[in-house]
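Asks: Contents of data_24.txt (compact mmCIF, C-alpha atoms) are below:
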```txt
# COMPACT_ATOMS: atom_id res chain seq x y z
CA MET A 1096 21.23 44.72 -26.61
CA ASN A 1097 23.04 41.45 -26.64
CA HIS A 1098 21.64 38.45 -28.43
CA ALA A 1099 21.21 36.41 -25.29
CA VAL A 1100 18.37 38.48 -23.92
CA VAL A 1101 15.32 36.40 -23.17
CA HIS A 1102 12.08 38.01 -24.15
CA HIS A 1103 9.06 36.79 -22.33
CA GLU A 1104 6.27 35.52 -24.54
CA ASP A 1105 3.95 38.06 -23.02
CA ALA A 1106 6.42 40.91 -23.33
CA ALA A 1107 4.00 42.50 -25.76
CA HIS A 1108 1.62 43.35 -22.96
CA LYS A 1109 2.66 46.93 -23.48
CA GLN A 1110 1.07 48.00 -26.68
CA GLU A 1111 3.11 50.24 -28.92
CA SER A 1112 1.62 53.56 -29.85
CA ALA A 1113 0.65 53.89 -33.49
CA THR A 1114 1.81 56.60 -35.88
CA PRO A 1115 -0.22 57.87 -38.84
CA ASN A 1116 -0.05 55.73 -41.95
CA GLY A 1117 3.26 55.77 -43.71
CA THR A 1118 5.02 57.79 -41.08
CA GLU A 1119 7.66 56.90 -38.55
CA ARG A 1120 8.96 58.48 -35.42
CA THR A 1121 12.23 60.33 -35.55
CA LYS A 1122 13.43 58.75 -32.34
CA ALA A 1123 14.33 55.07 -32.39
CA ARG A 1124 13.03 54.62 -28.86
CA LYS A 1125 9.76 52.78 -28.57
CA VAL A 1126 6.59 54.55 -27.58
CA TYR A 1127 3.88 52.71 -25.68
CA VAL A 1128 0.23 53.28 -25.01
CA PRO A 1129 -0.17 53.84 -21.27
CA ALA A 1130 -2.99 52.02 -19.49
CA VAL A 1131 -5.67 54.37 -18.23
CA ASP A 1132 -8.66 54.43 -15.97
CA ILE A 1133 -11.20 57.12 -16.75
CA LEU A 1134 -13.83 58.07 -14.21
CA GLU A 1135 -16.66 60.49 -14.62
CA THR A 1136 -18.40 62.51 -11.96
CA ASP A 1137 -20.97 65.25 -12.20
CA GLN A 1138 -18.30 67.92 -12.10
CA SER A 1139 -15.35 66.39 -13.88
CA LEU A 1140 -13.61 63.62 -15.71
CA LEU A 1141 -10.68 61.95 -13.93
CA LEU A 1142 -8.04 60.29 -16.07
CA VAL A 1143 -5.54 58.05 -14.30
CA SER A 1144 -2.67 56.95 -16.49
CA GLU A 1145 0.14 54.59 -15.75
CA MET A 1146 3.57 55.81 -16.78
CA PRO A 1147 6.20 53.96 -14.77
CA GLY A 1148 9.59 55.62 -15.16
CA VAL A 1149 8.16 59.09 -15.75
CA ASP A 1150 8.35 61.98 -13.28
CA GLU A 1151 6.97 65.52 -13.33
CA GLY A 1152 9.79 66.65 -15.60
CA GLY A 1153 8.83 64.21 -18.33
CA VAL A 1154 5.12 64.79 -18.70
CA ASP A 1155 3.70 66.76 -21.58
CA ILE A 1156 -0.03 67.40 -21.85
CA THR A 1157 -1.58 69.24 -24.76
CA ILE A 1158 -5.13 70.00 -25.77
CA GLU A 1159 -5.51 70.95 -29.37
CA LYS A 1160 -9.03 71.54 -30.61
CA ASN A 1161 -10.83 68.60 -29.08
CA VAL A 1162 -7.89 66.22 -28.79
CA LEU A 1163 -6.15 65.68 -25.47
CA THR A 1164 -2.68 64.15 -25.80
CA ILE A 1165 -0.64 62.88 -22.89
CA LYS A 1166 3.05 62.14 -23.37
CA GLY A 1167 5.58 60.79 -20.93
CA THR A 1168 9.34 60.61 -21.31
CA VAL A 1169 10.94 57.83 -19.31
CA VAL A 1170 14.02 58.29 -17.14
CA ASP A 1171 16.22 55.24 -17.53
CA GLN A 1172 17.12 53.95 -14.09
CA VAL A 1173 19.44 51.09 -14.99
CA PRO A 1174 23.18 51.69 -14.58
CA ALA A 1175 25.04 51.52 -17.88
CA ASP A 1176 27.29 48.65 -16.82
CA PHE A 1177 24.38 46.24 -16.33
CA ARG A 1178 23.34 44.00 -19.21
CA LEU A 1179 19.72 43.13 -19.85
CA SER A 1180 19.33 39.38 -19.49
CA TYR A 1181 15.59 38.80 -19.17
CA GLU A 1182 12.83 41.04 -20.37
CA GLU A 1183 9.10 41.15 -19.68
CA TYR A 1184 8.57 44.76 -20.55
CA GLY A 1185 10.09 47.17 -22.99
CA VAL A 1186 11.43 50.47 -21.74
CA GLY A 1187 10.11 53.38 -23.72
CA ASP A 1188 8.12 56.56 -23.68
CA TYR A 1189 4.33 56.87 -23.53
CA GLU A 1190 1.80 58.58 -25.69
CA ARG A 1191 -1.97 58.45 -25.96
CA SER A 1192 -4.68 60.74 -27.26
CA PHE A 1193 -8.35 61.15 -26.42
CA THR A 1194 -11.10 63.20 -27.94
CA LEU A 1195 -12.84 65.55 -25.57
CA THR A 1196 -16.39 66.73 -25.72
CA ASN A 1197 -17.27 70.40 -25.52
CA GLU A 1198 -18.38 70.06 -21.95
CA ILE A 1199 -14.76 69.96 -20.72
CA ASP A 1200 -13.37 73.25 -19.42
CA ARG A 1201 -9.98 73.37 -21.15
CA GLU A 1202 -8.65 76.10 -18.89
CA GLY A 1203 -9.33 74.18 -15.72
CA VAL A 1204 -7.38 71.02 -16.47
CA ASN A 1205 -5.15 69.98 -13.60
CA ALA A 1206 -2.41 67.30 -13.62
CA THR A 1207 -0.29 65.60 -10.98
CA ILE A 1208 2.12 62.68 -11.17
CA LYS A 1209 3.26 60.50 -8.30
CA ASN A 1210 5.00 57.12 -8.34
CA GLY A 1211 4.56 56.87 -12.09
CA VAL A 1212 0.81 57.49 -11.99
CA LEU A 1213 -0.45 60.56 -13.83
CA LYS A 1214 -3.76 61.97 -12.65
CA LEU A 1215 -5.59 64.45 -14.82
CA THR A 1216 -8.69 66.24 -13.65
CA LEU A 1217 -10.77 67.62 -16.47
CA PRO A 1218 -13.52 69.79 -15.04
CA LYS A 1219 -16.78 70.20 -16.87
CA VAL A 1220 -18.00 73.59 -17.97
CA LYS A 1221 -20.55 74.81 -15.45
CA GLN A 1222 -23.43 75.52 -17.79
CA VAL A 1223 -23.78 72.67 -20.18
CA ALA A 1224 -27.21 71.59 -19.20
CA ALA A 1225 -28.82 70.80 -22.48
CA ARG A 1226 -31.20 73.52 -23.54
CA LYS A 1227 -34.41 72.18 -24.83
CA VAL A 1228 -36.09 74.17 -27.48
CA ALA A 1229 -39.71 74.41 -26.81
CA VAL A 1230 -41.82 74.07 -29.88
CA THR A 1231 -45.11 75.86 -29.80
CA ALA A 1232 -47.94 75.20 -32.07
CA GLY A 1233 -48.21 77.97 -34.66
CA MET B 1004 1.92 27.40 -7.88
CA ASN B 1005 5.20 29.06 -7.15
CA LEU B 1006 7.41 26.03 -7.41
CA ILE B 1007 10.63 26.76 -9.11
CA SER B 1008 13.09 24.22 -10.35
CA ARG B 1009 16.75 24.88 -10.54
CA PHE B 1010 18.47 25.62 -13.78
CA GLY B 1011 19.48 22.50 -15.53
CA GLY B 1012 21.88 21.81 -18.27
CA ARG B 1013 24.91 23.65 -19.35
CA ILE B 1014 26.48 25.52 -16.53
CA TRP B 1015 29.00 27.07 -18.87
CA ASP B 1016 26.40 29.23 -20.54
CA PRO B 1017 24.25 30.93 -17.94
CA TRP B 1018 22.63 33.20 -20.51
CA ARG B 1019 21.00 30.26 -22.19
CA GLU B 1020 19.76 28.91 -18.93
CA ILE B 1021 17.96 32.10 -18.13
CA GLY B 1022 15.59 31.10 -20.88
CA HIS B 1023 14.11 28.57 -18.53
CA LEU B 1024 13.02 31.40 -16.34
CA GLN B 1025 10.10 32.27 -18.44
CA ASN B 1026 8.20 29.19 -17.44
CA GLU B 1027 9.46 29.24 -13.93
CA MET B 1028 8.40 32.59 -12.71
CA GLY B 1029 5.57 32.18 -10.33
CA ARG B 1030 2.60 34.40 -10.32
CA MET B 1031 -0.27 34.86 -8.02
CA LEU B 1032 -2.39 37.85 -8.63
CA ALA B 1033 -5.22 37.31 -6.24
CA GLY B 1034 -8.29 39.23 -7.09
CA ALA B 1035 -6.69 40.83 -10.09
CA ARG B 1036 -8.74 41.88 -13.02
CA SER B 1037 -7.65 41.26 -16.53
CA LEU B 1038 -7.17 44.15 -18.84
CA SER B 1039 -10.17 45.27 -20.71
CA GLY B 1040 -9.73 46.10 -24.34
CA GLY B 1041 -8.78 42.67 -25.56
CA VAL B 1042 -5.35 42.31 -23.98
CA ASN B 1043 -4.90 39.07 -22.11
CA GLN B 1044 -4.37 39.05 -18.42
CA ARG B 1045 -0.74 39.69 -17.79
CA GLU B 1046 1.70 39.14 -15.06
CA PHE B 1047 1.89 42.07 -12.74
CA PRO B 1048 4.22 43.68 -12.25
CA PRO B 1049 6.38 42.84 -15.26
CA VAL B 1050 10.03 42.17 -14.39
CA ASN B 1051 13.24 42.86 -16.24
CA MET B 1052 16.52 41.41 -15.09
CA TYR B 1053 19.89 43.02 -15.61
CA VAL B 1054 23.19 41.40 -14.72
CA LYS B 1055 26.68 42.62 -14.01
CA GLU B 1056 29.51 40.27 -13.07
CA HIS B 1057 28.55 39.70 -9.42
CA ASP B 1058 25.41 41.79 -9.26
CA VAL B 1059 21.88 41.33 -10.43
CA LEU B 1060 19.26 44.03 -10.74
CA LEU B 1061 15.54 43.43 -11.07
CA THR B 1062 13.28 46.24 -12.16
CA LEU B 1063 9.52 45.97 -11.86
CA GLU B 1064 7.11 48.37 -13.47
CA ALA B 1065 4.65 48.89 -10.66
CA ALA B 1066 3.27 52.38 -10.82
CA GLY B 1067 1.20 53.58 -7.91
CA ILE B 1068 1.98 50.95 -5.30
CA ASP B 1069 2.70 51.72 -1.67
CA PRO B 1070 6.43 50.99 -1.23
CA GLU B 1071 5.94 50.48 2.50
CA LYS B 1072 3.73 47.51 1.79
CA VAL B 1073 6.19 45.78 -0.50
CA ASP B 1074 7.70 42.64 0.95
CA ILE B 1075 10.90 41.26 -0.54
CA THR B 1076 12.31 37.93 0.55
CA VAL B 1077 15.64 36.60 -0.65
CA SER B 1078 16.63 32.99 -0.20
CA GLY B 1079 19.55 31.48 -2.02
CA ASP B 1080 19.01 32.28 -5.67
CA THR B 1081 15.32 33.02 -5.35
CA VAL B 1082 13.71 36.35 -4.67
CA THR B 1083 10.04 36.80 -3.87
CA ILE B 1084 8.37 40.17 -4.21
CA ARG B 1085 4.92 40.74 -2.79
CA GLY B 1086 2.79 43.80 -2.64
CA GLU B 1087 -0.53 45.33 -3.33
CA ARG B 1088 -1.94 48.00 -5.51
CA SER B 1089 -5.09 49.48 -4.17
CA GLN B 1090 -8.00 50.42 -6.31
CA GLU B 1091 -8.82 53.96 -7.19
CA THR B 1092 -11.45 54.99 -4.68
CA VAL B 1093 -14.71 55.54 -6.40
CA ALA B 1094 -17.06 57.97 -4.73
CA SER B 1095 -20.76 57.68 -5.20
CA GLY B 1096 -21.86 59.27 -8.42
CA GLU B 1097 -18.62 58.30 -10.17
CA ASN B 1098 -18.58 55.78 -12.90
CA PHE B 1099 -15.85 54.25 -15.00
CA HIS B 1100 -15.54 54.96 -18.70
CA ARG B 1101 -12.43 52.87 -18.98
CA ARG B 1102 -10.74 50.58 -16.58
CA GLU B 1103 -7.46 49.17 -17.82
CA ARG B 1104 -5.23 49.27 -14.79
CA VAL B 1105 -4.67 46.08 -12.83
CA THR B 1106 -5.24 46.20 -9.09
CA GLY B 1107 -5.00 43.73 -6.26
CA GLN B 1108 -2.32 41.74 -4.51
CA PHE B 1109 0.63 40.48 -6.44
CA GLU B 1110 3.46 38.07 -5.97
CA ARG B 1111 6.38 37.49 -8.28
CA VAL B 1112 8.98 34.80 -7.72
CA VAL B 1113 12.17 35.12 -9.70
CA GLN B 1114 15.07 32.75 -9.91
CA LEU B 1115 18.37 34.50 -10.25
CA PRO B 1116 21.40 33.24 -12.18
CA PHE B 1117 23.35 32.79 -8.93
CA ASP B 1118 22.91 32.80 -5.15
CA VAL B 1119 22.78 36.23 -3.58
CA ASP B 1120 23.57 37.65 -0.17
CA PRO B 1121 20.27 38.65 1.50
CA ASP B 1122 22.07 41.19 3.67
CA LYS B 1123 23.33 43.06 0.66
CA THR B 1124 19.97 43.36 -1.05
CA GLU B 1125 18.82 46.91 -1.68
CA ALA B 1126 15.46 48.01 -2.96
CA THR B 1127 14.35 51.43 -4.13
CA TYR B 1128 11.07 52.69 -5.50
CA GLU B 1129 11.29 55.63 -7.87
CA ARG B 1130 8.87 56.96 -10.47
CA GLY B 1131 6.76 53.86 -10.15
CA VAL B 1132 9.62 51.47 -10.82
CA LEU B 1133 10.74 49.10 -8.09
CA SER B 1134 14.43 48.21 -8.32
CA VAL B 1135 15.93 45.34 -6.36
CA ARG B 1136 19.69 45.08 -6.44
CA MET B 1137 21.44 41.99 -5.17
CA SER B 1138 25.00 40.73 -5.03
CA ARG B 1139 26.72 37.40 -5.00
CA PRO B 1140 28.03 36.61 -1.49
CA GLU B 1141 31.77 37.11 -1.02
CA SER B 1142 32.23 33.45 -0.20
CA GLN B 1143 30.81 32.42 -3.57
CA LYS B 1144 32.73 34.78 -5.75
CA PRO B 1145 35.09 32.92 -7.98
CA LYS B 1146 38.63 33.06 -6.70
CA LYS B 1147 41.66 33.34 -8.80
CA VAL B 1148 44.39 30.89 -8.05
CA LEU B 1149 47.84 32.18 -8.51
CA VAL B 1150 50.28 29.79 -10.00
CA LYS B 1151 53.59 30.03 -8.27
CA ALA B 1152 56.66 29.28 -10.17
CA ALA B 1153 58.78 26.70 -8.42
CA SER B 1154 61.98 28.33 -7.35
```
As structure tokens, what does this structure read like?
Replies:
Amino acid sequence: MNHAVVHHEDAAHKQESATPNGTERTKARKVYVPAVDILETDQSLLLVSEMPGVDEGGVDITIEKNVLTIKGTVVDQVPADFRLSYEEYGVGDYERSFTLTNEIDREGVNATIKNGVLKLTLPKVKQVAARKVAVTAG
Amino acid sequence: MNLISRFGGRIWDPWREIGHLQNEMGRMLAGARSLSGGVNQREFPPVNMYVKEHDVLLTLEAAGIDPEKVDITVSGDTVTIRGERSQETVASGENFHRRERVTGQFERVVQLPFDVDPDKTEATYERGVLSVRMSRPESQKPKKVLVKAAS
């Protein structure tokens, strides 16, 4: 970008996503941590993540062991002949990971994205009621 | 709260003047919550400005707003964008583990580098990004003066 771009003092409101120690990403594009709301009900966990610039073609959700990772690839919407002159947010992809407990039914995870808001429903396994072990006097 | 002063100083270098914008953008985020997790309350939605010769494009990262409720007013070189992002409806028995998204009414006032024609303003909302494209009015476009050679 050209040198005259003004960066707002608070432009860092989007937090960059970390990589493991000593490693770097192969792509030069920045990766941000998307803001999320997480709600819990009796039956499921609802994760609402903000990924402006991402549509259904750019979302990637993986569950590996007990780690849920959501990734979003942004579609750049600015015509090439426009120059950035003032910046409050950085344009980049999104990535964030969460650890899941065993009570989540991995097979039943459902995701939708609309207007840059990703909604993930993570149902709970039906029978997770904690089993108490009765101890009888010997 | 939303008072904006005009650019001062060197007219010959508009890019420098845009720097004044950062203190001149109004914000009113009634009822907004600040981010949890240690990040300071931020302006919502954040705005980027892109410029082409006679055109200016604002992009606002505003995921999950209702585009029908967005109100854009253009006057001279000032554009005001108002809207609302409703809260996730919480049914009984639901509780939040994390709540980082900002909700509520918002208003952003942006001063542009030049006057724009309100009739030529176009706004689109795609993938959670609101784009507002404006153009300099024909009457204010710089005109070239041809120098005629005296015959």
Asks: Could you check how far atom CA of B:Thr1062 sits from atom CA of B:Pro1140, in Å to one decimal?
Replies: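 Calculated distance between atom CA of B:Thr1062 and atom CA of B:Pro1140 is 20.6 Å.
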Asks: Expressed in Å to a single decimal, how great is the separation between atom CA of A:Ser1139 and atom CA of B:Arg1130?
Replies: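 Taking atom CA of A:Ser1139 as the start and atom CA of B:Arg1130 as the end point, the length is 26.2 Å.
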Asks: Every residue with an atom at most 12 Å from (-1.8, 54.0, -32.4) (file coordinates; only C-alpha atoms) is what I'm after, so could you write them as a PyMOL selection string?
Replies: chain A and resi 1110-1116+1118-1119+1126-1129+1189-1193
Asks: Would you write out, as a Markdown table, a table of all residues in chain B that have an atom no more than 6 Å from an atom of chain A, listing for each the closest atom pair and the distance in Å to one decimal, considering all atoms listed in the file and ordering rows by chain and rising residue number?
Replies:
```
| residue | atom | partner | partner_atom | distance |
| --- | --- | --- | --- | --- |
| B:Trp1018 | CA | A:Ala1099 | CA | 5.9 |
| B:Gly1022 | CA | A:Val1101 | CA | 5.8 |
| B:Pro1049 | CA | A:Glu1183 | CA | 5.5 |
| B:Val1050 | CA | A:Glu1183 | CA | 5.5 |
| B:Asn1051 | CA | A:Glu1182 | CA | 4.5 |
| B:Met1052 | CA | A:Tyr1181 | CA | 4.9 |
| B:Tyr1053 | CA | A:Leu1179 | CA | 4.2 |
| B:Val1054 | CA | A:Arg1178 | CA | 5.2 |
| B:Lys1055 | CA | A:Phe1177 | CA | 4.9 |
| B:Glu1064 | CA | A:Pro1147 | CA | 5.8 |
| B:Ala1066 | CA | A:Gly1211 | CA | 4.8 |
| B:Gly1067 | CA | A:Asn1210 | CA | 5.2 |
| B:Gly1096 | CA | A:Thr1136 | CA | 5.9 |
| B:Glu1097 | CA | A:Thr1136 | CA | 4.6 |
| B:Asn1098 | CA | A:Glu1135 | CA | 5.4 |
| B:Phe1099 | CA | A:Leu1134 | CA | 4.4 |
| B:His1100 | CA | A:Ile1133 | CA | 5.2 |
| B:Arg1101 | CA | A:Ile1133 | CA | 5.0 |
| B:Arg1102 | CA | A:Asp1132 | CA | 4.4 |
| B:Glu1103 | CA | A:Val1131 | CA | 5.5 |
| B:Arg1104 | CA | A:Ala1130 | CA | 5.9 |
| B:Arg1130 | CA | A:Asn1210 | CA | 4.4 |
| B:Gly1131 | CA | A:Asn1210 | CA | 4.1 |
| B:Val1132 | CA | A:Pro1147 | CA | 5.8 |
```
Asks: Of the candidates B:Ser1138, B:Thr1106, B:Thr1124, B:Gln1143, which shows the shortest atom-to-atom distance to B:Glu1046, using all atoms listed in the file?
Replies: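 Smallest separation from B:Glu1046 among the options: B:Thr1106.
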Asks: Report the distance between atom CA of B:Val1082 and atom CA of B:Pro1145 in Å, rounded to one decimal place.
Replies: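 Atom CA of B:Pro1145 lies 21.9 Å from atom CA of B:Val1082.
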Asks: In terms of the shortest atom-to-atom distance over all atoms listed in the file, which of B:Val1073, B:Met1137, B:Ala1152, B:Ile1068 is closest to B:Leu1115?
Replies: B:Met1137
Asks: Which of these, A:Lys1227, A:Lys1221, A:Lys1214, A:Arg1201, has the shortest distance to A:Val1162 once you count all atoms listed in the file?
Replies: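 Selected residue with least distance to A:Val1162: A:Arg1201.
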Asks: Quick one: of A:Ile1199, A:Val1220, A:Leu1215, A:Val1228, who's nearest to A:Ile1165, counting all atoms listed in the file?
Replies: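 Using all atoms listed in the file, the shortest distance to A:Ile1165 belongs to A:Leu1215.
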Asks: Given all atoms listed in the file as the basis, pick out the residue of A:Thr1194, A:Thr1216, A:Thr1207, A:Thr1121 nearest to A:Glu1159.
Replies: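 Under the stated criterion, the closest residue is A:Thr1194.
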Asks: Report as a PDB file with C-alpha atoms, keeping the file's coordinate frame all protein, DNA and RNA residues lying within 10 Å of B:Val1077, evaluated on all atoms listed in the file, omitting residues in the same chain fewer than 4 positions from it.
Replies:
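This went into part-v8.pdb:
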```pdb
ATOM      1  CA  THR B1081      15.320  33.020  -5.350  1.00  0.00           C
ATOM      2  CA  VAL B1082      13.710  36.350  -4.670  1.00  0.00           C
ATOM      3  CA  THR B1083      10.040  36.800  -3.870  1.00  0.00           C
ATOM      4  CA  ILE B1084       8.370  40.170  -4.210  1.00  0.00           C
ATOM      5  CA  VAL B1112       8.980  34.800  -7.720  1.00  0.00           C
ATOM      6  CA  VAL B1113      12.170  35.120  -9.700  1.00  0.00           C
ATOM      7  CA  ASP B1118      22.910  32.800  -5.150  1.00  0.00           C
ATOM      8  CA  VAL B1119      22.780  36.230  -3.580  1.00  0.00           C
ATOM      9  CA  ASP B1120      23.570  37.650  -0.170  1.00  0.00           C
ATOM     10  CA  PRO B1121      20.270  38.650   1.500  1.00  0.00           C
ATOM     11  CA  ASP B1122      22.070  41.190   3.670  1.00  0.00           C
ATOM     12  CA  THR B1124      19.970  43.360  -1.050  1.00  0.00           C
ATOM     13  CA  MET B1137      21.440  41.990  -5.170  1.00  0.00           C
TER      14      MET B1137
END
```
Asks: Restore N, CA and C atoms in stretch 1117-1129 of chain B and list the result as an mmCIF file, in the frame of the given file.
Replies:
```cif
data_model
loop_
_atom_site.group_PDB
_atom_site.id
_atom_site.type_symbol
_atom_site.label_atom_id
_atom_site.label_comp_id
_atom_site.auth_asym_id
_atom_site.auth_seq_id
_atom_site.Cartn_x
_atom_site.Cartn_y
_atom_site.Cartn_z
ATOM 1 N N PHE B 1117 22.432 33.288 -9.967
ATOM 2 C CA PHE B 1117 23.350 32.790 -8.930
ATOM 3 C C PHE B 1117 22.764 33.124 -7.555
ATOM 4 N N ASP B 1118 23.338 32.497 -6.511
ATOM 5 C CA ASP B 1118 22.910 32.800 -5.150
ATOM 6 C C ASP B 1118 23.280 34.245 -4.815
ATOM 7 N N VAL B 1119 22.462 34.867 -3.983
ATOM 8 C CA VAL B 1119 22.780 36.230 -3.580
ATOM 9 C C VAL B 1119 22.788 36.360 -2.068
ATOM 10 N N ASP B 1120 23.455 37.383 -1.591
ATOM 11 C CA ASP B 1120 23.570 37.650 -0.170
ATOM 12 C C ASP B 1120 22.367 38.488 0.270
ATOM 13 N N PRO B 1121 21.480 37.908 1.115
ATOM 14 C CA PRO B 1121 20.270 38.650 1.500
ATOM 15 C C PRO B 1121 20.597 39.961 2.207
ATOM 16 N N ASP B 1122 21.726 39.981 2.927
ATOM 17 C CA ASP B 1122 22.070 41.190 3.670
ATOM 18 C C ASP B 1122 22.508 42.329 2.765
ATOM 19 N N LYS B 1123 22.863 42.005 1.559
ATOM 20 C CA LYS B 1123 23.330 43.060 0.660
ATOM 21 C C LYS B 1123 22.269 43.472 -0.358
ATOM 22 N N THR B 1124 21.043 43.024 -0.111
ATOM 23 C CA THR B 1124 19.970 43.360 -1.050
ATOM 24 C C THR B 1124 19.455 44.774 -0.771
ATOM 25 N N GLU B 1125 19.328 45.535 -1.833
ATOM 26 C CA GLU B 1125 18.820 46.910 -1.680
ATOM 27 C C GLU B 1125 17.656 47.117 -2.622
ATOM 28 N N ALA B 1126 16.624 47.748 -2.103
ATOM 29 C CA ALA B 1126 15.460 48.010 -2.960
ATOM 30 C C ALA B 1126 15.113 49.489 -2.916
ATOM 31 N N THR B 1127 14.794 50.035 -4.066
ATOM 32 C CA THR B 1127 14.350 51.430 -4.130
ATOM 33 C C THR B 1127 13.083 51.487 -4.975
ATOM 34 N N TYR B 1128 12.291 52.503 -4.722
ATOM 35 C CA TYR B 1128 11.070 52.690 -5.500
ATOM 36 C C TYR B 1128 11.056 54.137 -5.989
ATOM 37 N N GLU B 1129 11.224 54.299 -7.275
ATOM 38 C CA GLU B 1129 11.290 55.630 -7.870
ATOM 39 C C GLU B 1129 10.458 55.678 -9.123
#
```
